[in-house]
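> If it helps, the file is called coords-v3.txt and holds compact mmCIF, C-alpha atoms:
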```
# COMPACT_ATOMS: atom_id res chain seq x y z
CA MET A 19 -8.07 -6.92 -23.36
CA LEU A 20 -5.53 -7.66 -20.61
CA LEU A 21 -1.81 -7.34 -20.12
CA ASP A 22 -0.61 -10.96 -19.85
CA GLN A 23 1.35 -10.91 -16.61
CA THR A 24 2.77 -14.39 -17.18
CA ARG A 25 4.90 -12.90 -19.98
CA LEU A 26 6.49 -10.16 -17.89
CA PRO A 27 9.14 -8.88 -17.71
CA ALA A 28 10.37 -10.31 -21.02
CA GLU A 29 7.29 -9.39 -23.09
CA GLU A 30 4.43 -6.93 -22.78
CA THR A 31 1.72 -8.93 -24.52
CA GLU A 32 -1.98 -8.12 -24.65
CA LEU A 33 -4.35 -11.00 -24.09
CA VAL A 34 -7.80 -10.70 -25.69
CA CYS A 35 -10.61 -12.55 -23.91
CA THR A 36 -13.64 -12.76 -26.17
CA ASP A 37 -15.74 -14.94 -23.87
CA VAL A 38 -16.05 -15.87 -20.21
CA PRO A 39 -14.17 -19.22 -20.41
CA ALA A 40 -11.18 -17.36 -21.85
CA LEU A 41 -11.29 -14.87 -19.00
CA VAL A 42 -11.61 -17.67 -16.44
CA GLY A 43 -8.56 -19.29 -18.00
CA ALA A 44 -6.63 -16.01 -17.78
CA ILE A 45 -7.52 -15.72 -14.09
CA ARG A 46 -6.55 -19.31 -13.25
CA THR A 47 -3.22 -19.11 -15.08
CA LEU A 48 -2.44 -15.76 -13.40
CA ALA A 49 -2.36 -13.84 -16.66
CA VAL A 50 -4.52 -11.42 -14.68
CA ARG A 51 -4.01 -11.45 -10.92
CA GLY A 52 -3.98 -9.33 -7.78
CA ALA A 53 -6.99 -8.94 -5.51
CA PRO A 54 -8.36 -5.53 -6.63
CA LEU A 55 -7.77 -6.23 -10.31
CA LEU A 56 -9.51 -9.60 -10.04
CA GLY A 57 -12.59 -7.78 -8.78
CA ILE A 58 -12.47 -5.44 -11.75
CA ALA A 59 -11.89 -8.33 -14.17
CA GLY A 60 -14.78 -10.28 -12.65
CA ALA A 61 -17.14 -7.32 -13.07
CA TYR A 62 -16.09 -6.83 -16.69
CA GLY A 63 -16.54 -10.58 -17.22
CA VAL A 64 -20.16 -10.38 -16.14
CA ALA A 65 -20.64 -7.36 -18.41
CA LEU A 66 -19.07 -9.33 -21.28
CA ALA A 67 -21.52 -12.17 -20.74
CA ALA A 68 -24.48 -9.79 -20.53
CA VAL A 69 -23.56 -7.78 -23.62
CA ARG A 70 -22.92 -10.92 -25.67
CA GLY A 71 -26.17 -12.55 -24.57
CA TYR A 72 -24.59 -15.40 -22.63
CA ASP A 73 -26.13 -16.96 -19.52
CA VAL A 74 -25.17 -14.35 -16.91
CA ALA A 75 -25.87 -16.58 -13.89
CA GLU A 76 -23.66 -19.33 -15.30
CA ALA A 77 -20.92 -16.85 -16.22
CA ALA A 78 -21.00 -15.32 -12.75
CA GLY A 79 -20.65 -18.75 -11.16
CA LEU A 80 -17.67 -19.67 -13.34
CA LEU A 81 -15.92 -16.39 -12.66
CA GLU A 82 -16.50 -16.38 -8.92
CA GLN A 83 -15.03 -19.87 -8.51
CA ALA A 84 -11.98 -19.24 -10.70
CA ARG A 85 -9.86 -18.44 -7.61
CA PRO A 86 -11.48 -19.16 -4.25
CA THR A 87 -9.30 -17.15 -1.84
CA ALA A 88 -9.44 -13.72 -3.49
CA VAL A 89 -12.63 -12.14 -2.12
CA ASN A 90 -12.51 -9.15 -4.51
CA LEU A 91 -13.22 -11.44 -7.45
CA GLY A 92 -16.58 -12.50 -6.04
CA TYR A 93 -17.36 -8.93 -4.98
CA GLY A 94 -16.84 -7.59 -8.49
CA VAL A 95 -18.83 -10.42 -10.06
CA ARG A 96 -21.79 -10.00 -7.70
CA ARG A 97 -21.80 -6.24 -8.02
CA ALA A 98 -22.00 -6.26 -11.82
CA ALA A 99 -24.51 -9.12 -11.79
CA ALA A 100 -26.70 -7.23 -9.31
CA ALA A 101 -26.77 -4.22 -11.64
CA TYR A 102 -27.73 -6.50 -14.53
CA TRP A 103 -30.58 -8.20 -12.66
CA ALA A 104 -31.83 -4.90 -11.24
CA ALA A 105 -32.06 -3.45 -14.74
CA LEU A 106 -34.06 -6.46 -15.94
CA ASP A 107 -36.38 -6.20 -12.94
CA GLU A 108 -37.03 -2.59 -13.86
CA GLY A 109 -38.14 -3.61 -17.34
CA ALA A 110 -34.95 -3.03 -19.30
CA GLY A 111 -34.17 -5.17 -22.31
CA GLN A 112 -31.10 -7.38 -22.65
CA GLU A 113 -29.06 -4.63 -24.28
CA GLN A 114 -29.89 -2.07 -21.60
CA ALA A 115 -29.23 -4.59 -18.81
CA GLY A 116 -25.86 -5.38 -20.35
CA ALA A 117 -25.10 -1.67 -20.47
CA ALA A 118 -25.97 -1.43 -16.77
CA ALA A 119 -23.54 -4.24 -15.92
CA LEU A 120 -20.82 -2.55 -17.96
CA ALA A 121 -21.45 0.79 -16.26
CA GLU A 122 -21.13 -0.89 -12.86
CA ALA A 123 -17.83 -2.52 -13.88
CA ARG A 124 -16.50 0.85 -14.99
CA ALA A 125 -17.63 2.42 -11.72
CA LEU A 126 -15.77 -0.25 -9.74
CA HIS A 127 -12.69 0.35 -11.89
CA ARG A 128 -12.82 4.06 -11.18
CA GLU A 129 -13.45 3.58 -7.46
CA ASP A 130 -10.47 1.27 -7.16
CA ALA A 131 -8.19 3.86 -8.76
CA GLU A 132 -9.44 6.48 -6.31
CA ALA A 133 -9.02 4.08 -3.37
CA SER A 134 -5.42 3.45 -4.40
CA GLY A 135 -4.57 7.12 -4.04
CA ARG A 136 -6.21 7.40 -0.64
CA MET A 137 -4.49 4.27 0.66
CA ALA A 138 -1.13 5.67 -0.44
CA ARG A 139 -1.73 8.86 1.52
CA PHE A 140 -2.85 7.07 4.67
CA GLY A 141 0.08 4.68 4.36
CA LEU A 142 2.61 7.49 3.96
CA ASP A 143 1.24 9.27 7.02
CA LEU A 144 1.48 6.03 9.01
CA LEU A 145 5.10 5.48 7.94
CA GLU A 146 5.99 9.00 9.03
CA GLU A 147 4.37 8.33 12.39
CA LEU A 148 6.13 4.99 12.88
CA ILE A 149 9.48 5.89 11.26
CA PRO A 150 9.93 9.68 11.40
CA GLY A 151 12.37 11.45 9.11
CA GLY A 152 12.22 9.38 5.96
CA GLY A 153 15.05 7.24 4.61
CA HIS A 154 12.71 4.25 4.70
CA ARG A 155 13.97 0.74 3.95
CA LEU A 156 10.81 -1.15 3.01
CA LEU A 157 10.31 -4.84 2.32
CA THR A 158 7.51 -6.11 0.06
CA HIS A 159 6.28 -9.56 -0.86
CA CYS A 160 4.62 -10.61 -4.12
CA ASN A 161 3.29 -7.77 -6.31
CA THR A 162 1.01 -4.94 -5.22
CA GLY A 163 1.47 -2.19 -7.82
CA ALA A 164 -0.43 -0.96 -10.86
CA LEU A 165 -0.47 -4.52 -12.20
CA VAL A 166 -3.00 -5.46 -9.50
CA SER A 167 -5.11 -2.32 -9.44
CA GLY A 168 -7.15 0.22 -11.33
CA GLY A 169 -4.73 2.80 -9.89
CA GLU A 170 -1.13 2.58 -8.67
CA GLY A 171 -1.70 -0.36 -6.39
CA THR A 172 -1.99 -1.09 -2.70
CA ALA A 173 1.23 -1.58 -0.70
CA PHE A 174 3.35 -0.60 -3.71
CA ALA A 175 1.41 2.66 -4.03
CA VAL A 176 2.64 3.58 -0.54
CA VAL A 177 6.22 2.73 -1.53
CA LEU A 178 5.85 4.73 -4.73
CA GLY A 179 4.58 7.70 -2.75
CA ALA A 180 7.58 7.49 -0.43
CA HIS A 181 9.89 7.39 -3.45
CA ARG A 182 8.28 10.47 -5.01
CA GLU A 183 8.64 12.38 -1.75
CA GLY A 184 12.31 11.44 -1.43
CA ARG A 185 11.64 9.27 1.62
CA LEU A 186 12.56 5.86 0.16
CA ARG A 187 16.09 4.73 0.86
CA ARG A 188 15.70 1.15 -0.40
CA LEU A 189 12.93 -1.16 -1.55
CA TRP A 190 13.66 -4.78 -0.68
CA VAL A 191 11.81 -7.06 -3.13
CA ASP A 192 11.14 -10.66 -2.11
CA GLU A 193 11.36 -12.82 -5.24
CA THR A 194 8.17 -14.68 -4.15
CA ARG A 195 8.49 -18.32 -5.09
CA PRO A 196 7.41 -20.40 -6.83
CA LEU A 197 6.12 -18.08 -9.59
CA LEU A 198 8.43 -15.16 -8.83
CA GLN A 199 5.87 -12.37 -8.83
CA GLY A 200 8.30 -10.20 -6.89
CA ALA A 201 11.22 -10.82 -9.23
CA ARG A 202 9.19 -10.62 -12.43
CA LEU A 203 6.56 -8.01 -11.57
CA THR A 204 7.53 -5.88 -8.58
CA ALA A 205 11.10 -5.45 -9.79
CA PHE A 206 9.64 -4.57 -13.20
CA GLU A 207 7.47 -1.84 -11.67
CA ALA A 208 10.23 -0.58 -9.38
CA SER A 209 12.60 -0.30 -12.33
CA ARG A 210 9.99 1.52 -14.41
CA ASN A 211 9.58 4.07 -11.61
CA GLY A 212 13.30 4.61 -11.05
CA MET A 213 13.26 3.32 -7.47
CA PRO A 214 16.34 2.22 -5.53
CA TYR A 215 15.55 -1.47 -5.10
CA SER A 216 17.22 -4.81 -4.46
CA LEU A 217 15.90 -8.31 -5.12
CA LEU A 218 16.38 -11.06 -2.56
CA THR A 219 15.48 -14.71 -2.32
CA ASP A 220 12.60 -15.35 0.06
CA ASN A 221 14.84 -17.29 2.45
CA ALA A 222 17.26 -14.33 2.72
CA ALA A 223 14.69 -12.14 4.47
CA GLY A 224 15.65 -13.41 7.93
CA SER A 225 19.26 -12.35 7.58
CA LEU A 226 18.10 -8.95 6.32
CA PHE A 227 16.01 -8.43 9.46
CA ALA A 228 18.87 -9.64 11.67
CA ALA A 229 21.18 -7.09 10.08
CA GLY A 230 18.74 -4.30 10.94
CA GLU A 231 18.15 -3.40 7.31
CA VAL A 232 14.33 -3.40 7.31
CA ASP A 233 12.30 -0.49 8.71
CA ALA A 234 8.86 -1.82 7.77
CA VAL A 235 7.14 -4.60 5.83
CA LEU A 236 4.29 -3.67 3.49
CA ILE A 237 2.09 -6.30 1.88
CA GLY A 238 -1.30 -6.48 0.22
CA ALA A 239 -4.13 -8.91 0.97
CA ASP A 240 -6.42 -11.25 -0.93
CA ARG A 241 -8.95 -11.61 1.89
CA ILE A 242 -9.24 -10.09 5.36
CA ALA A 243 -11.49 -12.02 7.74
CA ALA A 244 -13.81 -10.40 10.28
CA ASP A 245 -11.28 -10.88 13.09
CA GLY A 246 -8.51 -9.16 11.10
CA SER A 247 -6.75 -12.31 9.90
CA VAL A 248 -5.05 -11.66 6.56
CA ALA A 249 -4.76 -14.05 3.64
CA ASN A 250 -1.96 -13.05 1.29
CA LYS A 251 0.61 -14.64 -1.00
CA VAL A 252 2.31 -17.59 0.67
CA GLY A 253 5.40 -16.39 2.49
CA SER A 254 3.65 -13.43 4.11
CA TYR A 255 3.12 -15.19 7.45
CA PRO A 256 6.84 -15.98 7.97
CA LEU A 257 7.61 -12.30 7.30
CA ALA A 258 5.08 -11.30 9.96
CA VAL A 259 6.76 -13.61 12.48
CA LEU A 260 10.18 -12.18 11.61
CA ALA A 261 8.88 -8.64 11.86
CA LYS A 262 7.34 -9.30 15.28
CA TYR A 263 10.56 -10.79 16.62
CA HIS A 264 12.66 -7.91 15.30
CA HIS A 265 10.18 -5.19 16.37
CA VAL A 266 9.56 -4.07 12.79
CA PRO A 267 6.11 -2.75 11.74
CA PHE A 268 4.16 -5.21 9.59
CA ILE A 269 1.60 -3.26 7.56
CA VAL A 270 -1.18 -4.58 5.33
CA VAL A 271 -2.51 -2.23 2.63
CA ALA A 272 -5.81 -3.23 1.02
CA PRO A 273 -9.11 -1.67 -0.06
CA LEU A 274 -12.23 -2.37 1.97
CA THR A 275 -13.47 -4.58 -0.86
CA THR A 276 -10.90 -7.10 0.40
CA VAL A 277 -12.61 -7.30 3.80
CA ASP A 278 -14.97 -10.26 4.15
CA LEU A 279 -17.10 -9.84 7.27
CA LEU A 280 -18.86 -13.12 6.43
CA THR A 281 -15.62 -15.04 7.04
CA VAL A 282 -15.29 -15.23 10.80
CA ASP A 283 -11.57 -15.87 11.17
CA GLY A 284 -8.43 -17.05 9.43
CA ALA A 285 -9.26 -20.72 9.87
CA SER A 286 -12.42 -20.16 7.82
CA ILE A 287 -10.56 -18.86 4.76
CA THR A 288 -10.31 -21.33 1.88
CA VAL A 289 -6.68 -21.42 0.75
CA GLU A 290 -6.17 -22.14 -2.93
CA GLN A 291 -3.90 -25.12 -3.63
CA ARG A 292 -2.06 -24.84 -6.93
CA SER A 293 -0.41 -27.35 -9.23
CA GLY A 294 2.62 -29.13 -7.83
CA ARG A 295 4.38 -28.55 -11.13
CA GLU A 296 4.93 -24.94 -10.08
CA VAL A 297 7.22 -26.33 -7.36
CA THR A 298 8.81 -29.32 -9.08
CA GLU A 299 9.52 -27.50 -12.33
CA LEU A 300 11.26 -24.19 -12.92
CA THR A 301 8.98 -22.24 -15.24
CA PHE A 302 8.32 -18.53 -15.59
CA SER A 303 5.10 -18.90 -17.51
CA PRO A 304 2.32 -21.51 -17.23
CA ARG A 305 1.21 -20.68 -20.77
CA GLY A 306 2.51 -21.52 -24.20
CA ALA A 307 2.34 -19.26 -27.24
CA GLY A 308 -1.12 -20.58 -28.05
CA GLY A 309 -2.36 -20.38 -24.48
CA GLU A 310 -1.72 -24.04 -23.74
CA GLU A 311 -0.16 -25.24 -20.48
CA VAL A 312 3.53 -25.94 -20.90
CA GLY A 313 6.15 -27.59 -18.73
CA GLY A 314 9.37 -26.18 -17.42
CA VAL A 315 12.78 -27.49 -16.40
CA ALA A 316 12.51 -30.22 -13.75
CA VAL A 317 14.17 -29.32 -10.44
CA ALA A 318 13.02 -32.42 -8.53
CA PRO A 319 12.92 -36.15 -9.33
CA VAL A 320 9.94 -37.41 -11.30
CA GLY A 321 7.11 -38.36 -8.98
CA THR A 322 8.08 -35.93 -6.21
CA GLN A 323 5.11 -34.91 -4.07
CA SER A 324 4.76 -31.19 -3.42
CA TYR A 325 2.90 -28.77 -1.18
CA ASN A 326 1.94 -25.59 -3.02
CA PRO A 327 -0.60 -23.32 -1.27
CA ALA A 328 -1.06 -20.02 -3.08
CA PHE A 329 -1.64 -18.14 0.20
CA ASP A 330 -1.03 -18.27 3.92
CA ILE A 331 -2.87 -16.68 6.84
CA THR A 332 -1.39 -14.05 9.16
CA PRO A 333 -3.26 -13.67 12.47
CA PRO A 334 -4.24 -10.14 13.56
CA GLU A 335 -1.86 -10.07 16.53
CA LEU A 336 1.08 -10.09 14.09
CA VAL A 337 -0.29 -7.18 12.03
CA THR A 338 0.74 -3.70 13.13
CA ALA A 339 -1.88 -1.94 11.03
CA ILE A 340 -4.30 -2.40 8.15
CA VAL A 341 -4.37 0.59 5.81
CA THR A 342 -7.54 1.10 3.76
CA GLU A 343 -8.94 3.94 1.68
CA GLU A 344 -11.16 4.87 4.64
CA GLY A 345 -8.41 4.99 7.25
CA VAL A 346 -6.01 2.92 9.34
CA ILE A 347 -6.87 0.18 11.83
CA SER A 348 -4.29 -0.18 14.59
CA PRO A 349 -4.30 -2.24 16.71
CA VAL A 350 -6.00 -4.72 14.42
CA THR A 351 -9.18 -6.05 16.03
CA GLY A 352 -12.48 -7.38 14.79
CA ALA A 353 -14.30 -4.50 16.44
CA GLY A 354 -12.06 -1.92 14.79
CA LEU A 355 -12.51 -3.57 11.41
CA ALA A 356 -16.28 -3.72 11.77
CA GLU A 357 -16.44 -0.08 12.80
CA LEU A 358 -14.43 1.03 9.78
CA CYS A 359 -16.53 -1.08 7.42
CA ALA A 360 -19.72 0.36 8.88
CA ARG A 361 -18.68 3.75 7.54
CA SER A 362 -18.48 2.45 3.98
CA SER A 363 -20.64 0.47 1.58
CA GLN A 364 -17.55 -1.05 -0.04
CA VAL A 365 -17.55 -4.36 1.81
CA THR A 366 -18.16 -7.85 0.55
CA ILE A 367 -21.80 -8.56 -0.26
CA SER A 368 -23.37 -12.01 -0.23
```
Translate the structure of the given file into structure tokens.


Amino acid sequence: MLLDQTRLPAEETELVCTDVPALVGAIRTLAVRGAPLLGIAGAYGVALAAVRGYDVAEAAGLLEQARPTAVNLGYGVRRAAAAYWAALDEGAGQEQAGAAALAEARALHREDAEASGRMARFGLDLLEELIPGGGHRLLTHCNTGALVSGGEGTAFAVVLGAHREGRLRRLWVDETRPLLQGARLTAFEASRNGMPYSLLTDNAAGSLFAAGEVDAVLIGADRIAADGSVANKVGSYPLAVLAKYHHVPFIVVAPLTTVDLLTVDGASITVEQRSGREVTELTFSPRGAGGEEVGGVAVAPVGTQSYNPAFDITPPELVTAIVTEEGVISPVTGAGLAELCARSSQVTIS
């Protein structure tokens, strides 16, 4: 059972996925989204297949390919599948192996919640170091709160911590076109938590920097390559360039499960290309009441070609710091990332 994020903020609707194809559909339509949560969903999907007696290898393949850029999805799938196969190798029956996969999914869920809290603390300490005295004016892009996590999120968890400590002066929320995850989801979470926040169009960010109204940018990540390159929601890279020019810290907050040491650099990251209809039509939900794909209001002439990457890549030299549950990497280098990962088992497995 999932909260259908395509319905927010107008409706809080639960989506029940009774089989793996339904879960794959929910992932592809962004009913469930956000790197850490995709890992959790993928693990539960494998457990669902195992418990129901489906072909686990086939289910794992379908889930892992549902969204190619988000490395956490594959991590969660492989971790639950490994627990399933290990149980079978040890002589367990189908029911016991399914229970092992489910236990592993629950463990990942719990670990992600714990990681969220630790990232928030490291992030708050870093903000105090970079911007002493509080009164922070923080800019976010896309959505990085509880809707993407087993806990309170990644970058948003840091913002929430600043708010609770009385250190948040203003949260600037990029609307995040074309699917408006900032406007629909981050503003929803900010409102729920009583934060002082303002929504801006993505193309207004430059004027905000020029006016000196941004103290730091905090974003999440869908994949971090071995050299420290960061794949995140499209629009993140332009913010990094703006931040560099205006001498504003650009901080990435992500669990170590988002690090992919098998991907050498940013050029090696597969960037998901989404339907052009998300650009040529104004629609807040890609799903109809029965789960079918629906159209929106046309904002471009029929036949217009579009370019709609889901993510862009920010090179490490534009990133001030990467905050993880195991500590902060700054400056961001491949060696620093590898050293931090070596202290933890929570890195992408092949």

> Could you give me, as number ranges by chain, the residues within 9 Å of region 35-45 of chain A, counting all atoms listed in the file and dropping anything in the same chain fewer than 4 positions from it?

A: 19-20, 22, 49-51, 56, 59-60, 63-64, 66-67, 70, 72, 77-78, 80-81, 83-85

> Please save C-alpha atoms of the selected residues as a compact mmCIF listing (two decimals), in the frame of the given file.


```txt
# COMPACT_ATOMS: atom_id res chain seq x y z
CA MET A 19 -8.07 -6.92 -23.36
CA LEU A 20 -5.53 -7.66 -20.61
CA ASP A 22 -0.61 -10.96 -19.85
CA ALA A 49 -2.36 -13.84 -16.66
CA VAL A 50 -4.52 -11.42 -14.68
CA ARG A 51 -4.01 -11.45 -10.92
CA LEU A 56 -9.51 -9.60 -10.04
CA ALA A 59 -11.89 -8.33 -14.17
CA GLY A 60 -14.78 -10.28 -12.65
CA GLY A 63 -16.54 -10.58 -17.22
CA VAL A 64 -20.16 -10.38 -16.14
CA LEU A 66 -19.07 -9.33 -21.28
CA ALA A 67 -21.52 -12.17 -20.74
CA ARG A 70 -22.92 -10.92 -25.67
CA TYR A 72 -24.59 -15.40 -22.63
CA ALA A 77 -20.92 -16.85 -16.22
CA ALA A 78 -21.00 -15.32 -12.75
CA LEU A 80 -17.67 -19.67 -13.34
CA LEU A 81 -15.92 -16.39 -12.66
CA GLN A 83 -15.03 -19.87 -8.51
CA ALA A 84 -11.98 -19.24 -10.70
CA ARG A 85 -9.86 -18.44 -7.61
```

> Might you pull out every residue within 12 Å of region 197-199 of chain A, with all atoms listed in the file counted and same-chain residues fewer than 2 positions away left off, and present them as an MDAnalysis selection string?

chainID A and resid 23:27 47:52 158:163 165:166 191:195 201:207 217:220 251:253 292:304 314 326:328

> Rounded to one decimal in Å, what is the spacing between CA of Tyr215 (chain A) and CA of Ile237 (chain A)?

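Interatomic distance, CA of Tyr215 (chain A) to CA of Ile237 (chain A): 15.9 Å.
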
> Around all the atoms of region 85-100 of chain A listed in the file, with 6 Å of room on each side, what axis-aligned box do you get, giving centre and edge lengths in Å to one decimal, as lines of an AutoDock Vina configuration file?


```
center_x = -18.0
center_y = -12.7
center_z = -6.8
size_x = 29.4
size_y = 24.9
size_z = 22.0
```

> Could you jot down the CA of Leu274 (chain A) to CA of Ala115 (chain A) separation for me, Å, one decimal place?

26.9 Å

> Between A:Asp107, A:Val95, A:Thr332, A:Glu122, single out the one closest to Glu82 (chain A), counting all atoms listed in the file.

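Of the candidates, the smallest distance to Glu82 (chain A) is held by A:Val95.
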
> Considering only C-alpha atoms, return as a PyMOL selection string whatever protein or nucleic-acid residues lie within 6 Å of region 338-354 of chain A, sequence-local ones (same chain, fewer than 2 positions apart) excluded.

chain A and resi 133+136-137+244-246+267-273+334+356-357

> Save out the residues we just selected, C-alpha atoms, as a PDB file, in the frame of the given file.


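New file part.pdb:
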```
ATOM      1  CA  ALA A 133      -9.020   4.080  -3.370  1.00  0.00           C
ATOM      2  CA  ARG A 136      -6.210   7.400  -0.640  1.00  0.00           C
ATOM      3  CA  MET A 137      -4.490   4.270   0.660  1.00  0.00           C
ATOM      4  CA  ALA A 244     -13.810 -10.400  10.280  1.00  0.00           C
ATOM      5  CA  ASP A 245     -11.280 -10.880  13.090  1.00  0.00           C
ATOM      6  CA  GLY A 246      -8.510  -9.160  11.100  1.00  0.00           C
ATOM      7  CA  PRO A 267       6.110  -2.750  11.740  1.00  0.00           C
ATOM      8  CA  PHE A 268       4.160  -5.210   9.590  1.00  0.00           C
ATOM      9  CA  ILE A 269       1.600  -3.260   7.560  1.00  0.00           C
ATOM     10  CA  VAL A 270      -1.180  -4.580   5.330  1.00  0.00           C
ATOM     11  CA  VAL A 271      -2.510  -2.230   2.630  1.00  0.00           C
ATOM     12  CA  ALA A 272      -5.810  -3.230   1.020  1.00  0.00           C
ATOM     13  CA  PRO A 273      -9.110  -1.670  -0.060  1.00  0.00           C
ATOM     14  CA  PRO A 334      -4.240 -10.140  13.560  1.00  0.00           C
ATOM     15  CA  ALA A 356     -16.280  -3.720  11.770  1.00  0.00           C
ATOM     16  CA  GLU A 357     -16.440  -0.080  12.800  1.00  0.00           C
TER      17      GLU A 357
END
```

> Please provide as a list in words all residues within 8 Å of Ile242 (chain A), with the sequence filter that same-chain residues fewer than 3 positions apart are discarded (counting only C-alpha atoms).

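Once the nearby chain positions are removed, what remains is Ala239, Gly246, Ser247, Val248, Ala249, Thr276, Val277 and Asp278 of chain A.
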
> Which of these residues is nearest to Asp240 (chain A), using all atoms listed in the file: A:Asp283, A:Glu183, A:Glu147, A:Asp330?

A:Asp330

> Pick out the closest residue to Leu55 (chain A) from this set: A:Thr275, A:Gly200, A:Ser209, A:Tyr263. Count all atoms listed in the file.

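Ranking A:Thr275, A:Gly200, A:Ser209, A:Tyr263 by distance to Leu55 (chain A), first place goes to A:Thr275.
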
> Could you work out how far CA of Arg210 (chain A) lies from CA of Val177 (chain A), giving the answer in Å with one decimal?

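Interatomic distance, CA of Val177 (chain A) to CA of Arg210 (chain A): 13.5 Å.
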
> Got a sec: who's within 12 Å of Leu106 (chain A), counting all atoms listed in the file, leaving out chain neighbours fewer than 4 positions off, as a ChimeraX atom specification?

/A:68,74,99-102,110-119

> Taking only C-alpha atoms into account, name the residue in A:Ala98, A:Leu355, A:Ala316, A:Leu142 that is nearest to His181 (chain A).

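Going through A:Ala98, A:Leu355, A:Ala316, A:Leu142 one by one, the smallest distance to His181 (chain A) is for A:Leu142.
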
> Please complete region 125-138 of chain A so it has N, CA, C and O atoms, and hand it over as a tab-separated table (two decimals), keeping the file's coordinate frame.


```
chain	number	residue	atom	x	y	z
A	125	ALA	N	-17.59	1.70	-12.99
A	125	ALA	CA	-17.63	2.42	-11.72
A	125	ALA	C	-16.69	1.79	-10.71
A	125	ALA	O	-15.96	2.49	-9.98
A	126	LEU	N	-16.68	0.45	-10.65
A	126	LEU	CA	-15.77	-0.25	-9.74
A	126	LEU	C	-14.33	0.03	-10.12
A	126	LEU	O	-13.48	0.25	-9.24
A	127	HIS	N	-14.04	0.04	-11.40
A	127	HIS	CA	-12.69	0.35	-11.89
A	127	HIS	C	-12.26	1.74	-11.42
A	127	HIS	O	-11.16	1.92	-10.89
A	128	ARG	N	-13.13	2.69	-11.58
A	128	ARG	CA	-12.82	4.06	-11.18
A	128	ARG	C	-12.65	4.18	-9.66
A	128	ARG	O	-11.73	4.84	-9.17
A	129	GLU	N	-13.53	3.54	-8.92
A	129	GLU	CA	-13.45	3.58	-7.46
A	129	GLU	C	-12.15	2.97	-6.95
A	129	GLU	O	-11.56	3.46	-5.97
A	130	ASP	N	-11.70	1.90	-7.60
A	130	ASP	CA	-10.47	1.27	-7.16
A	130	ASP	C	-9.27	2.19	-7.38
A	130	ASP	O	-8.36	2.25	-6.54
A	131	ALA	N	-9.28	2.90	-8.51
A	131	ALA	CA	-8.19	3.86	-8.76
A	131	ALA	C	-8.17	4.95	-7.70
A	131	ALA	O	-7.11	5.34	-7.20
A	132	GLU	N	-9.35	5.44	-7.34
A	132	GLU	CA	-9.44	6.48	-6.31
A	132	GLU	C	-9.01	5.94	-4.95
A	132	GLU	O	-8.32	6.62	-4.18
A	133	ALA	N	-9.39	4.70	-4.65
A	133	ALA	CA	-9.02	4.08	-3.37
A	133	ALA	C	-7.51	3.92	-3.27
A	133	ALA	O	-6.93	4.10	-2.20
A	134	SER	N	-6.87	3.61	-4.38
A	134	SER	CA	-5.42	3.45	-4.40
A	134	SER	C	-4.73	4.72	-3.93
A	134	SER	O	-3.80	4.68	-3.11
A	135	GLY	N	-5.17	5.85	-4.43
A	135	GLY	CA	-4.57	7.12	-4.04
A	135	GLY	C	-4.76	7.42	-2.57
A	135	GLY	O	-3.85	7.91	-1.89
A	136	ARG	N	-5.95	7.12	-2.05
A	136	ARG	CA	-6.21	7.40	-0.64
A	136	ARG	C	-5.42	6.46	0.27
A	136	ARG	O	-4.91	6.88	1.32
A	137	MET	N	-5.30	5.20	-0.13
A	137	MET	CA	-4.49	4.27	0.66
A	137	MET	C	-3.03	4.71	0.71
A	137	MET	O	-2.37	4.62	1.76
A	138	ALA	N	-2.52	5.20	-0.41
A	138	ALA	CA	-1.13	5.67	-0.44
A	138	ALA	C	-0.93	6.81	0.54
A	138	ALA	O	0.07	6.84	1.27
```
